[in-house]
Amino acid sequence: MNELKTPRGPGGAILINPYRLVLATALLAIFCSALQERVSASQPNIVVILTDDQGYADVSYNSHHPKEVSTPNIDKLARTSVICTAGYTSGHVCSPTRAGLMTGRYQQRFGIYTAGEGGSGVPLSETFFPQHLKKAGYTSGAFGKWHLGVDIKYNALHRGFDEFYGFMGRGAHDYFDLNTPDHPIYRGLKPIKDKGYLTDRITEEAVSFIQRHKDKPFFAYVAYNAVHSPAQAPAADIRKETDDPARNTLMAMLRSLDAGVGKIVDTLKTEGVYDNTLLFFLTDNGGSKVMHANNAPLRGYKQQDYEGGVRVPFIVSWPAKLKGGTTCPAPLMSIDILPTALAAAGAGRTGKLPFDGRNILPALEGKTDKVHDQLYWSSAAGKGAWAIRAGKWKLVGLKDRLELFDLETDISEAKDLARKHPERVKTLKQLHDSWLDEMAEPANGAAKRWSADAPAADKKNKKQKRAEREKRRAKRRAEKEKPGE
Ligand SMILES: [Ca+2]
């Protein structure tokens, strides 16, 4: 039997053949490079499609949808996805949910309880979604509504995104006037003049991003402002589907949105990256009453902590890993998306701020039916609205009124069981109080908790606001009447 003998020099020192060393180094480099490629090839792309104020029943995969609702593209996606039947948002209005989604944390941890606070800017000390993905080699693009700070220092490009097309500060934007100097569309850090129907433009930009970055892992955050107000759709798309003209316009807006989702999914397929894309589709809060949305079978609307304000259409697709055509009943939340994406990408967290969100992949795979012990909501003292869900129980607080619901038997929150279960009410309220104690003070200086003294201050505030509104209206009227303008 031959023995491999290691060549040795005087004193037994191992002699290294320089040619072999070069060869070994080269082989190691090739091996590492192949390994790197394998790692990046296995890293899924991440796509988050966030719609705005869309009703729970304004997707036709929901069996409760009214007959005028038709979302074939969203339905097609849902059929090959995991439908999260208890998917919630961490806010009941636009900006707070976005702040939670971008950080994987309850937005109340950094003082965001209301749309005004989030729209004024999320503290720069918070780490955003794409900043966590950066080290793992992801290229990130944000498209559509930002609503996380109007000042340029809060622009998506300063929060880890490599590309941004959309509007920054407010919750709403005109769908046709894309050339408004006081509320511009941005490309990156620069305001631009654009034209088209905003829903279609957001789709086109997202599609272009996917096409340009398909060869390496990417993160596309597609935040449609549809179907938020104003109620505007291309005239040719508005049909007399119901006796409610507002609802007819909403349906036309929904059609453009659904077509956009279809184009994004088709692009992923055409480019051959669909199977290894982890895609989340959800809306940012419950359907809006003002826009005549339908949240059946849920109670309430946007701006409320009843299910109609926070339980939303929520689906997750990742054909390479998740069995489609299934449902996940575990209560989960929009703050879970970031930790889940990092787990899927095999990426570590950047910075030290702890997440409140959890990796929901085990729940999506059906390995567990529990993600959180409790879910919490609070919009601080202004409205005095808060809620907690623990298992099947939900306690909804509105000023000094407390209502308890059993969501397993009463998804519509029709039967208040607070009197029947006072001990459970007490326990849930204590849990919520402890959670709220941990949260930061509201950024706008308001109190965290509603108190009986607040209404007087509220009334005064409302009166003052009404007077200011009147003053602004009068000023606009005067300006309109100026000759030659
Ligand atoms: Ca919204």
# chains A, B, ... in the order shown; residues from 1 in each chain; ligands from 1
call {"tool": "select_by_dssp", "arguments": {"residues": "stretch 58-238 of chain A", "states": "alpha helix (DSSP H)", "output": "CSV table (one decimal) with N, CA and C atoms, in the first residue's frame"}}
result
chain,number,residue,atom,x,y,z
A,72,PRO,N,-59.5,39.1,-10.8
A,72,PRO,CA,-58.9,37.8,-11.3
A,72,PRO,C,-57.5,37.6,-11.0
A,73,ASN,N,-56.7,38.7,-11.1
A,73,ASN,CA,-55.2,38.5,-11.0
A,73,ASN,C,-54.8,38.2,-9.5
A,74,ILE,N,-55.5,39.0,-8.6
A,74,ILE,CA,-55.2,38.7,-7.2
A,74,ILE,C,-55.7,37.3,-6.8
A,75,ASP,N,-56.8,36.9,-7.3
A,75,ASP,CA,-57.4,35.6,-7.1
A,75,ASP,C,-56.4,34.5,-7.6
A,76,LYS,N,-55.9,34.7,-8.8
A,76,LYS,CA,-55.0,33.7,-9.4
A,76,LYS,C,-53.7,33.6,-8.5
A,77,LEU,N,-53.2,34.7,-8.0
A,77,LEU,CA,-52.1,34.7,-7.1
A,77,LEU,C,-52.5,33.9,-5.8
A,78,ALA,N,-53.7,34.2,-5.3
A,78,ALA,CA,-54.1,33.6,-4.0
A,78,ALA,C,-54.2,32.1,-4.2
A,79,ARG,N,-54.6,31.6,-5.3
A,79,ARG,CA,-54.8,30.2,-5.5
A,79,ARG,C,-53.5,29.4,-5.4
A,94,CYS,N,-52.9,54.4,7.5
A,94,CYS,CA,-51.8,54.1,6.5
A,94,CYS,C,-50.4,54.1,7.1
A,95,SER,N,-50.0,55.3,7.7
A,95,SER,CA,-48.6,55.5,8.0
A,95,SER,C,-48.1,54.6,9.2
A,96,PRO,N,-48.8,54.5,10.2
A,96,PRO,CA,-48.4,53.6,11.3
A,96,PRO,C,-48.1,52.2,10.8
A,97,THR,N,-48.9,51.6,10.0
A,97,THR,CA,-48.7,50.3,9.5
A,97,THR,C,-47.4,50.2,8.7
A,98,ARG,N,-47.1,51.3,7.9
A,98,ARG,CA,-45.9,51.3,7.1
A,98,ARG,C,-44.7,51.4,8.0
A,99,ALA,N,-44.8,52.2,9.1
A,99,ALA,CA,-43.7,52.3,10.0
A,99,ALA,C,-43.4,50.9,10.6
A,100,GLY,N,-44.4,50.2,11.0
A,100,GLY,CA,-44.2,48.9,11.6
A,100,GLY,C,-43.6,47.9,10.6
A,101,LEU,N,-44.1,47.9,9.4
A,101,LEU,CA,-43.7,47.0,8.3
A,101,LEU,C,-42.2,47.2,8.0
A,102,MET,N,-41.8,48.5,7.9
A,102,MET,CA,-40.4,48.8,7.6
A,102,MET,C,-39.4,48.5,8.6
A,103,THR,N,-39.9,48.4,9.9
A,103,THR,CA,-39.0,48.2,11.0
A,103,THR,C,-39.1,46.8,11.7
A,115,ALA,N,-51.4,58.7,11.9
A,115,ALA,CA,-50.9,59.0,10.6
A,115,ALA,C,-50.0,60.2,10.6
A,116,GLY,N,-50.5,61.2,11.4
A,116,GLY,CA,-49.7,62.5,11.4
A,116,GLY,C,-48.3,62.3,11.9
A,117,GLU,N,-48.2,61.5,12.9
A,117,GLU,CA,-46.8,61.2,13.5
A,117,GLU,C,-45.9,60.5,12.5
A,118,GLY,N,-46.5,59.4,11.9
A,118,GLY,CA,-45.7,58.6,10.9
A,118,GLY,C,-45.3,59.5,9.7
A,119,GLY,N,-46.3,60.2,9.2
A,119,GLY,CA,-46.2,61.1,8.1
A,119,GLY,C,-45.1,62.2,8.3
A,120,SER,N,-44.9,62.5,9.5
A,120,SER,CA,-43.9,63.6,9.8
A,120,SER,C,-42.5,63.0,9.8
A,129,PHE,N,-36.2,48.1,6.6
A,129,PHE,CA,-36.2,46.8,5.9
A,129,PHE,C,-35.0,46.6,4.9
A,130,PRO,N,-34.7,47.5,4.0
A,130,PRO,CA,-33.6,47.2,3.0
A,130,PRO,C,-32.3,47.4,3.7
A,131,GLN,N,-32.2,48.1,4.8
A,131,GLN,CA,-30.9,48.2,5.5
A,131,GLN,C,-30.5,46.9,6.0
A,132,HIS,N,-31.5,46.1,6.5
A,132,HIS,CA,-31.2,44.8,7.0
A,132,HIS,C,-30.7,43.8,5.9
A,133,LEU,N,-31.3,44.0,4.7
A,133,LEU,CA,-31.0,43.1,3.5
A,133,LEU,C,-29.7,43.5,2.8
A,134,LYS,N,-29.2,44.7,3.1
A,134,LYS,CA,-28.0,45.2,2.3
A,134,LYS,C,-26.8,44.2,2.4
A,198,LEU,N,-51.6,57.1,-12.0
A,198,LEU,CA,-50.6,56.8,-11.0
A,198,LEU,C,-50.5,55.3,-10.7
A,199,THR,N,-51.6,54.6,-10.6
A,199,THR,CA,-51.6,53.1,-10.4
A,199,THR,C,-50.8,52.4,-11.5
A,200,ASP,N,-51.0,52.8,-12.7
A,200,ASP,CA,-50.3,52.2,-13.9
A,200,ASP,C,-48.8,52.5,-13.8
A,201,ARG,N,-48.5,53.8,-13.5
A,201,ARG,CA,-47.1,54.2,-13.4
A,201,ARG,C,-46.3,53.4,-12.4
A,202,ILE,N,-47.0,53.2,-11.2
A,202,ILE,CA,-46.3,52.4,-10.1
A,202,ILE,C,-46.0,51.0,-10.6
A,203,THR,N,-47.0,50.4,-11.3
A,203,THR,CA,-46.8,49.1,-11.9
A,203,THR,C,-45.6,49.1,-12.9
A,204,GLU,N,-45.6,50.1,-13.8
A,204,GLU,CA,-44.5,50.1,-14.8
A,204,GLU,C,-43.2,50.2,-14.2
A,205,GLU,N,-43.1,51.1,-13.1
A,205,GLU,CA,-41.8,51.2,-12.5
A,205,GLU,C,-41.3,50.0,-11.8
A,206,ALA,N,-42.3,49.3,-11.1
A,206,ALA,CA,-42.0,48.1,-10.4
A,206,ALA,C,-41.5,47.0,-11.4
A,207,VAL,N,-42.2,46.9,-12.5
A,207,VAL,CA,-41.9,45.9,-13.5
A,207,VAL,C,-40.5,46.1,-14.1
A,208,SER,N,-40.2,47.4,-14.4
A,208,SER,CA,-38.9,47.7,-14.9
A,208,SER,C,-37.8,47.3,-13.9
A,209,PHE,N,-38.0,47.6,-12.6
A,209,PHE,CA,-37.1,47.3,-11.6
A,209,PHE,C,-36.8,45.7,-11.5
A,210,ILE,N,-37.9,45.0,-11.6
A,210,ILE,CA,-37.7,43.5,-11.6
A,210,ILE,C,-36.9,43.1,-12.8
A,211,GLN,N,-37.2,43.6,-14.0
A,211,GLN,CA,-36.5,43.2,-15.2
A,211,GLN,C,-35.0,43.6,-15.1
A,212,ARG,N,-34.7,44.7,-14.5
A,212,ARG,CA,-33.3,45.2,-14.5
A,212,ARG,C,-32.5,44.4,-13.4
A,213,HIS,N,-33.2,43.9,-12.4
A,213,HIS,CA,-32.4,43.3,-11.3
A,213,HIS,C,-32.7,41.8,-11.1
call {"tool": "residues_near_ligand", "arguments": {"ligand": "ligand 1", "cutoff": "6 Å", "atoms": "only C-alpha atoms and all ligand atoms", "output": "PyMOL selection string"}}
result
chain A and resi 52-53+93-94+284-285
call {"tool": "write_last_selection", "arguments": {"atoms": "N, CA and C atoms", "output": "PDB file, in the first residue's frame"}}
result
ATOM      1  N   ASP A  52     -53.806  49.950  -0.581  1.00  0.00           N
ATOM      2  CA  ASP A  52     -54.184  51.006   0.359  1.00  0.00           C
ATOM      3  C   ASP A  52     -55.698  51.046   0.570  1.00  0.00           C
ATOM      4  N   ASP A  53     -56.130  50.813   1.788  1.00  0.00           N
ATOM      5  CA  ASP A  53     -57.545  50.950   2.153  1.00  0.00           C
ATOM      6  C   ASP A  53     -58.461  49.982   1.407  1.00  0.00           C
ATOM      7  N   VAL A  93     -54.595  52.819  10.305  1.00  0.00           N
ATOM      8  CA  VAL A  93     -54.448  53.812   9.224  1.00  0.00           C
ATOM      9  C   VAL A  93     -53.083  53.625   8.560  1.00  0.00           C
ATOM     10  N   CYS A  94     -52.895  54.360   7.452  1.00  0.00           N
ATOM     11  CA  CYS A  94     -51.780  54.103   6.537  1.00  0.00           C
ATOM     12  C   CYS A  94     -50.380  54.137   7.139  1.00  0.00           C
ATOM     13  N   ASP A 284     -52.939  47.921   3.737  1.00  0.00           N
ATOM     14  CA  ASP A 284     -52.274  48.564   4.883  1.00  0.00           C
ATOM     15  C   ASP A 284     -53.192  48.799   6.078  1.00  0.00           C
ATOM     16  N   ASN A 285     -54.477  48.654   5.866  1.00  0.00           N
ATOM     17  CA  ASN A 285     -55.475  48.762   6.947  1.00  0.00           C
ATOM     18  C   ASN A 285     -56.811  48.361   6.334  1.00  0.00           C
TER      19      ASN A 285
END
call {"tool": "residues_around", "arguments": {"residues": "A:Ala363", "least_positions_apart": "4", "cutoff": "9 Å", "atoms": "only C-alpha atoms", "output": "compact mmCIF listing (two decimals) with C-alpha atoms, in the first residue's frame"}}
result
# COMPACT_ATOMS: atom_id res chain seq x y z
CA CYS A 328 -52.83 29.68 7.52
CA PRO A 329 -55.20 30.40 10.40
CA ALA A 330 -52.56 31.69 12.87
CA ASN A 359 -40.64 34.58 11.37
CA LYS A 367 -45.84 23.37 11.36
CA THR A 368 -47.42 25.53 14.03
CA ASP A 369 -50.72 27.33 14.50
CA LYS A 370 -49.31 29.99 16.79
CA VAL A 371 -47.01 32.90 16.05
call {"tool": "select_by_dssp", "arguments": {"residues": "stretch 201-426 of chain A", "states": "strand (DSSP E)", "output": "number ranges by chain"}}
result
A: 218-223, 277-283, 314-317, 326-328, 332-333, 375-378, 385-390, 393-398, 401-406
call {"tool": "atom_distance", "arguments": {"atom1": "atom CA of A:Lys420", "atom2": "atom CA of A:Tyr88"}}
result
26.6 Å
call {"tool": "closest_atom_pairs", "arguments": {"of": "stretch 117-145 of chain A", "to": "stretch 155-175 of chain A", "cutoff": "7 Å", "atoms": "only C-alpha atoms", "output": "JSON lines"}}
result
{"residue": "A:Gly119", "atom": "CA", "partner": "A:Gly169", "partner_atom": "CA", "distance": 5.7}
{"residue": "A:Phe128", "atom": "CA", "partner": "A:Arg159", "partner_atom": "CA", "distance": 5.9}
{"residue": "A:Pro130", "atom": "CA", "partner": "A:Gly160", "partner_atom": "CA", "distance": 5.0}
{"residue": "A:Gln131", "atom": "CA", "partner": "A:Gly160", "partner_atom": "CA", "distance": 4.7}
{"residue": "A:Thr139", "atom": "CA", "partner": "A:Asp162", "partner_atom": "CA", "distance": 6.4}
{"residue": "A:Ser140", "atom": "CA", "partner": "A:Phe161", "partner_atom": "CA", "distance": 5.0}
{"residue": "A:Gly141", "atom": "CA", "partner": "A:Glu163", "partner_atom": "CA", "distance": 4.5}
{"residue": "A:Ala142", "atom": "CA", "partner": "A:Phe164", "partner_atom": "CA", "distance": 4.8}
{"residue": "A:Phe143", "atom": "CA", "partner": "A:Tyr165", "partner_atom": "CA", "distance": 4.9}
{"residue": "A:Gly144", "atom": "CA", "partner": "A:Gly166", "partner_atom": "CA", "distance": 4.2}
{"residue": "A:Lys145", "atom": "CA", "partner": "A:Phe167", "partner_atom": "CA", "distance": 5.5}
call {"tool": "write_last_selection", "arguments": {"atoms": "C-alpha atoms", "output": "JSON list (two decimals), in the first residue's frame"}}
result
[["chain", "number", "residue", "atom", "x", "y", "z"],
["A", 119, "GLY", "CA", -46.15, 61.07, 8.05],
["A", 128, "PHE", "CA", -35.44, 49.96, 7.79],
["A", 130, "PRO", "CA", -33.63, 47.23, 3.02],
["A", 131, "GLN", "CA", -30.89, 48.23, 5.46],
["A", 139, "THR", "CA", -30.80, 45.53, -4.30],
["A", 140, "SER", "CA", -33.93, 47.32, -3.08],
["A", 141, "GLY", "CA", -36.53, 49.50, -4.76],
["A", 142, "ALA", "CA", -39.55, 51.34, -3.33],
["A", 143, "PHE", "CA", -42.48, 52.27, -5.57],
["A", 144, "GLY", "CA", -45.58, 54.32, -4.79],
["A", 145, "LYS", "CA", -46.66, 55.79, -1.50]]
call {"tool": "atom_distance", "arguments": {"atom1": "atom CA of A:Leu250", "atom2": "atom CA of A:Leu282"}}
result
17.6 Å
call {"tool": "residues_around", "arguments": {"residues": "A:Ser451", "least_positions_apart": "6", "cutoff": "12 Å", "atoms": "only C-alpha atoms", "output": "list in words"}}
result
Ala380, Ala381, Gly382, Lys383, Gly384, Ala385, Leu398, Lys399, Asp400, Arg401, Ala457 and Asp458 of chain A
call {"tool": "write_last_selection", "arguments": {"atoms": "N, CA and C atoms", "output": "PDB file, in the first residue's frame"}}
result
ATOM      1  N   ALA A 380     -53.221  55.783  20.811  1.00  0.00           N
ATOM      2  CA  ALA A 380     -53.005  56.765  21.887  1.00  0.00           C
ATOM      3  C   ALA A 380     -54.282  57.528  22.248  1.00  0.00           C
ATOM      4  N   ALA A 381     -54.087  58.637  22.962  1.00  0.00           N
ATOM      5  CA  ALA A 381     -55.227  59.258  23.650  1.00  0.00           C
ATOM      6  C   ALA A 381     -56.244  59.929  22.726  1.00  0.00           C
ATOM      7  N   GLY A 382     -55.771  60.411  21.562  1.00  0.00           N
ATOM      8  CA  GLY A 382     -56.638  61.202  20.679  1.00  0.00           C
ATOM      9  C   GLY A 382     -58.006  60.577  20.475  1.00  0.00           C
ATOM     10  N   LYS A 383     -58.000  59.343  19.988  1.00  0.00           N
ATOM     11  CA  LYS A 383     -59.266  58.636  19.760  1.00  0.00           C
ATOM     12  C   LYS A 383     -59.604  57.720  20.920  1.00  0.00           C
ATOM     13  N   GLY A 384     -58.597  57.407  21.711  1.00  0.00           N
ATOM     14  CA  GLY A 384     -58.811  56.478  22.822  1.00  0.00           C
ATOM     15  C   GLY A 384     -59.103  55.076  22.334  1.00  0.00           C
ATOM     16  N   ALA A 385     -58.599  54.729  21.145  1.00  0.00           N
ATOM     17  CA  ALA A 385     -58.862  53.398  20.581  1.00  0.00           C
ATOM     18  C   ALA A 385     -57.670  52.481  20.801  1.00  0.00           C
ATOM     19  N   LEU A 398     -62.511  51.532  23.606  1.00  0.00           N
ATOM     20  CA  LEU A 398     -62.785  52.812  22.963  1.00  0.00           C
ATOM     21  C   LEU A 398     -63.169  53.797  24.062  1.00  0.00           C
ATOM     22  N   LYS A 399     -62.233  54.689  24.377  1.00  0.00           N
ATOM     23  CA  LYS A 399     -62.388  55.597  25.524  1.00  0.00           C
ATOM     24  C   LYS A 399     -62.682  54.761  26.770  1.00  0.00           C
ATOM     25  N   ASP A 400     -63.842  54.960  27.424  1.00  0.00           N
ATOM     26  CA  ASP A 400     -64.061  54.181  28.645  1.00  0.00           C
ATOM     27  C   ASP A 400     -64.936  52.941  28.418  1.00  0.00           C
ATOM     28  N   ARG A 401     -65.120  52.577  27.147  1.00  0.00           N
ATOM     29  CA  ARG A 401     -65.926  51.393  26.845  1.00  0.00           C
ATOM     30  C   ARG A 401     -65.019  50.197  26.506  1.00  0.00           C
ATOM     31  N   ALA A 457     -60.425  69.147  26.157  1.00  0.00           N
ATOM     32  CA  ALA A 457     -59.300  69.605  25.344  1.00  0.00           C
ATOM     33  C   ALA A 457     -59.563  69.297  23.875  1.00  0.00           C
ATOM     34  N   ASP A 458     -60.150  68.096  23.631  1.00  0.00           N
ATOM     35  CA  ASP A 458     -60.474  67.684  22.268  1.00  0.00           C
ATOM     36  C   ASP A 458     -61.411  68.668  21.581  1.00  0.00           C
TER      37      ASP A 458
END
call {"tool": "residues_around", "arguments": {"residues": "A:Val396", "least_positions_apart": "4", "cutoff": "6 Å", "atoms": "only C-alpha atoms", "output": "PyMOL selection string"}}
result
chain A and resi 387+402-403
call {"tool": "write_last_selection", "arguments": {"atoms": "N, CA and C atoms", "output": "short mmCIF file (atom, residue, chain, number, x, y, z; two decimals), in the first residue's frame"}}
result
data_model
loop_
_atom_site.label_atom_id
_atom_site.label_comp_id
_atom_site.auth_asym_id
_atom_site.auth_seq_id
_atom_site.Cartn_x
_atom_site.Cartn_y
_atom_site.Cartn_z
N ALA A 387 -56.68 47.88 21.25
CA ALA A 387 -57.20 46.51 21.24
C ALA A 387 -56.07 45.53 21.53
N LEU A 402 -65.31 49.06 27.09
CA LEU A 402 -64.54 47.86 26.80
C LEU A 402 -65.46 46.78 26.26
N GLU A 403 -65.06 46.17 25.15
CA GLU A 403 -65.89 45.11 24.56
C GLU A 403 -65.03 43.87 24.35
#
call {"tool": "closest_residue", "arguments": {"among": "A:Tyr376, A:Trp435, A:Trp393, A:Tyr61", "to": "A:Thr85", "atoms": "only C-alpha atoms"}}
result
A:Tyr61
call {"tool": "closest_residue", "arguments": {"among": "A:Gly121, A:Pro422, A:Gly137, A:Gly286", "to": "A:Val150", "atoms": "only C-alpha atoms"}}
result
A:Gly121
call {"tool": "residues_around", "arguments": {"residues": "stretch 238-242 of chain A", "least_positions_apart": "3", "cutoff": "10 Å", "atoms": "only C-alpha atoms", "output": "list in words"}}
result
Lys67, Glu68, Val69, Gln232, Ala233, Pro234, Ala235, Pro245, Ala246, Arg247, Asn248, Thr249, Leu250, Met251, Ala252, Met253 and Arg255 of chain A
call {"tool": "write_last_selection", "arguments": {"atoms": "N, CA and C atoms", "output": "PDB file, in the first residue's frame"}}
result
ATOM      1  N   LYS A  67     -71.157  41.002  -5.628  1.00  0.00           N
ATOM      2  CA  LYS A  67     -71.055  40.524  -7.018  1.00  0.00           C
ATOM      3  C   LYS A  67     -70.249  41.451  -7.929  1.00  0.00           C
ATOM      4  N   GLU A  68     -70.206  42.760  -7.580  1.00  0.00           N
ATOM      5  CA  GLU A  68     -69.482  43.675  -8.467  1.00  0.00           C
ATOM      6  C   GLU A  68     -67.956  43.543  -8.355  1.00  0.00           C
ATOM      7  N   VAL A  69     -67.473  42.845  -7.324  1.00  0.00           N
ATOM      8  CA  VAL A  69     -66.021  42.746  -7.127  1.00  0.00           C
ATOM      9  C   VAL A  69     -65.442  41.631  -7.989  1.00  0.00           C
ATOM     10  N   GLN A 232     -60.676  58.494  -8.052  1.00  0.00           N
ATOM     11  CA  GLN A 232     -60.368  58.870  -9.440  1.00  0.00           C
ATOM     12  C   GLN A 232     -59.969  57.627 -10.239  1.00  0.00           C
ATOM     13  N   ALA A 233     -60.643  57.441 -11.343  1.00  0.00           N
ATOM     14  CA  ALA A 233     -60.292  56.327 -12.239  1.00  0.00           C
ATOM     15  C   ALA A 233     -60.449  56.817 -13.673  1.00  0.00           C
ATOM     16  N   PRO A 234     -59.761  56.180 -14.604  1.00  0.00           N
ATOM     17  CA  PRO A 234     -59.965  56.562 -16.007  1.00  0.00           C
ATOM     18  C   PRO A 234     -61.459  56.447 -16.351  1.00  0.00           C
ATOM     19  N   ALA A 235     -62.011  57.508 -16.978  1.00  0.00           N
ATOM     20  CA  ALA A 235     -63.462  57.570 -17.222  1.00  0.00           C
ATOM     21  C   ALA A 235     -63.970  56.322 -17.943  1.00  0.00           C
ATOM     22  N   PRO A 245     -72.638  55.417  -7.256  1.00  0.00           N
ATOM     23  CA  PRO A 245     -71.577  55.925  -8.143  1.00  0.00           C
ATOM     24  C   PRO A 245     -70.188  55.866  -7.506  1.00  0.00           C
ATOM     25  N   ALA A 246     -70.128  56.125  -6.190  1.00  0.00           N
ATOM     26  CA  ALA A 246     -68.815  56.083  -5.511  1.00  0.00           C
ATOM     27  C   ALA A 246     -68.238  54.667  -5.565  1.00  0.00           C
ATOM     28  N   ARG A 247     -69.118  53.696  -5.361  1.00  0.00           N
ATOM     29  CA  ARG A 247     -68.690  52.289  -5.401  1.00  0.00           C
ATOM     30  C   ARG A 247     -68.232  51.917  -6.829  1.00  0.00           C
ATOM     31  N   ASN A 248     -68.921  52.456  -7.833  1.00  0.00           N
ATOM     32  CA  ASN A 248     -68.535  52.165  -9.219  1.00  0.00           C
ATOM     33  C   ASN A 248     -67.132  52.698  -9.528  1.00  0.00           C
ATOM     34  N   THR A 249     -66.845  53.891  -9.016  1.00  0.00           N
ATOM     35  CA  THR A 249     -65.495  54.449  -9.225  1.00  0.00           C
ATOM     36  C   THR A 249     -64.464  53.591  -8.500  1.00  0.00           C
ATOM     37  N   LEU A 250     -64.808  53.178  -7.281  1.00  0.00           N
ATOM     38  CA  LEU A 250     -63.884  52.320  -6.523  1.00  0.00           C
ATOM     39  C   LEU A 250     -63.584  51.034  -7.294  1.00  0.00           C
ATOM     40  N   MET A 251     -64.610  50.450  -7.907  1.00  0.00           N
ATOM     41  CA  MET A 251     -64.407  49.211  -8.664  1.00  0.00           C
ATOM     42  C   MET A 251     -63.467  49.444  -9.858  1.00  0.00           C
ATOM     43  N   ALA A 252     -63.590  50.624 -10.479  1.00  0.00           N
ATOM     44  CA  ALA A 252     -62.702  50.934 -11.607  1.00  0.00           C
ATOM     45  C   ALA A 252     -61.257  51.088 -11.116  1.00  0.00           C
ATOM     46  N   MET A 253     -61.090  51.736  -9.962  1.00  0.00           N
ATOM     47  CA  MET A 253     -59.733  51.879  -9.382  1.00  0.00           C
ATOM     48  C   MET A 253     -59.164  50.504  -9.048  1.00  0.00           C
ATOM     49  N   ARG A 255     -59.833  47.711 -10.508  1.00  0.00           N
ATOM     50  CA  ARG A 255     -59.450  46.979 -11.726  1.00  0.00           C
ATOM     51  C   ARG A 255     -58.010  47.309 -12.139  1.00  0.00           C
TER      52      ARG A 255
END
call {"tool": "closest_residue", "arguments": {"among": "A:Asn45, A:Ser434, A:Thr409, A:Thr326", "to": "A:Ile83", "atoms": "only C-alpha atoms"}}
result
A:Thr326
call {"tool": "residues_around", "arguments": {"residues": "A:Asp406", "least_positions_apart": "2", "cutoff": "12 Å", "atoms": "only C-alpha atoms", "output": "ChimeraX atom specification"}}
result
/A:307,389-396,403-404,408-418,420-421,424-425
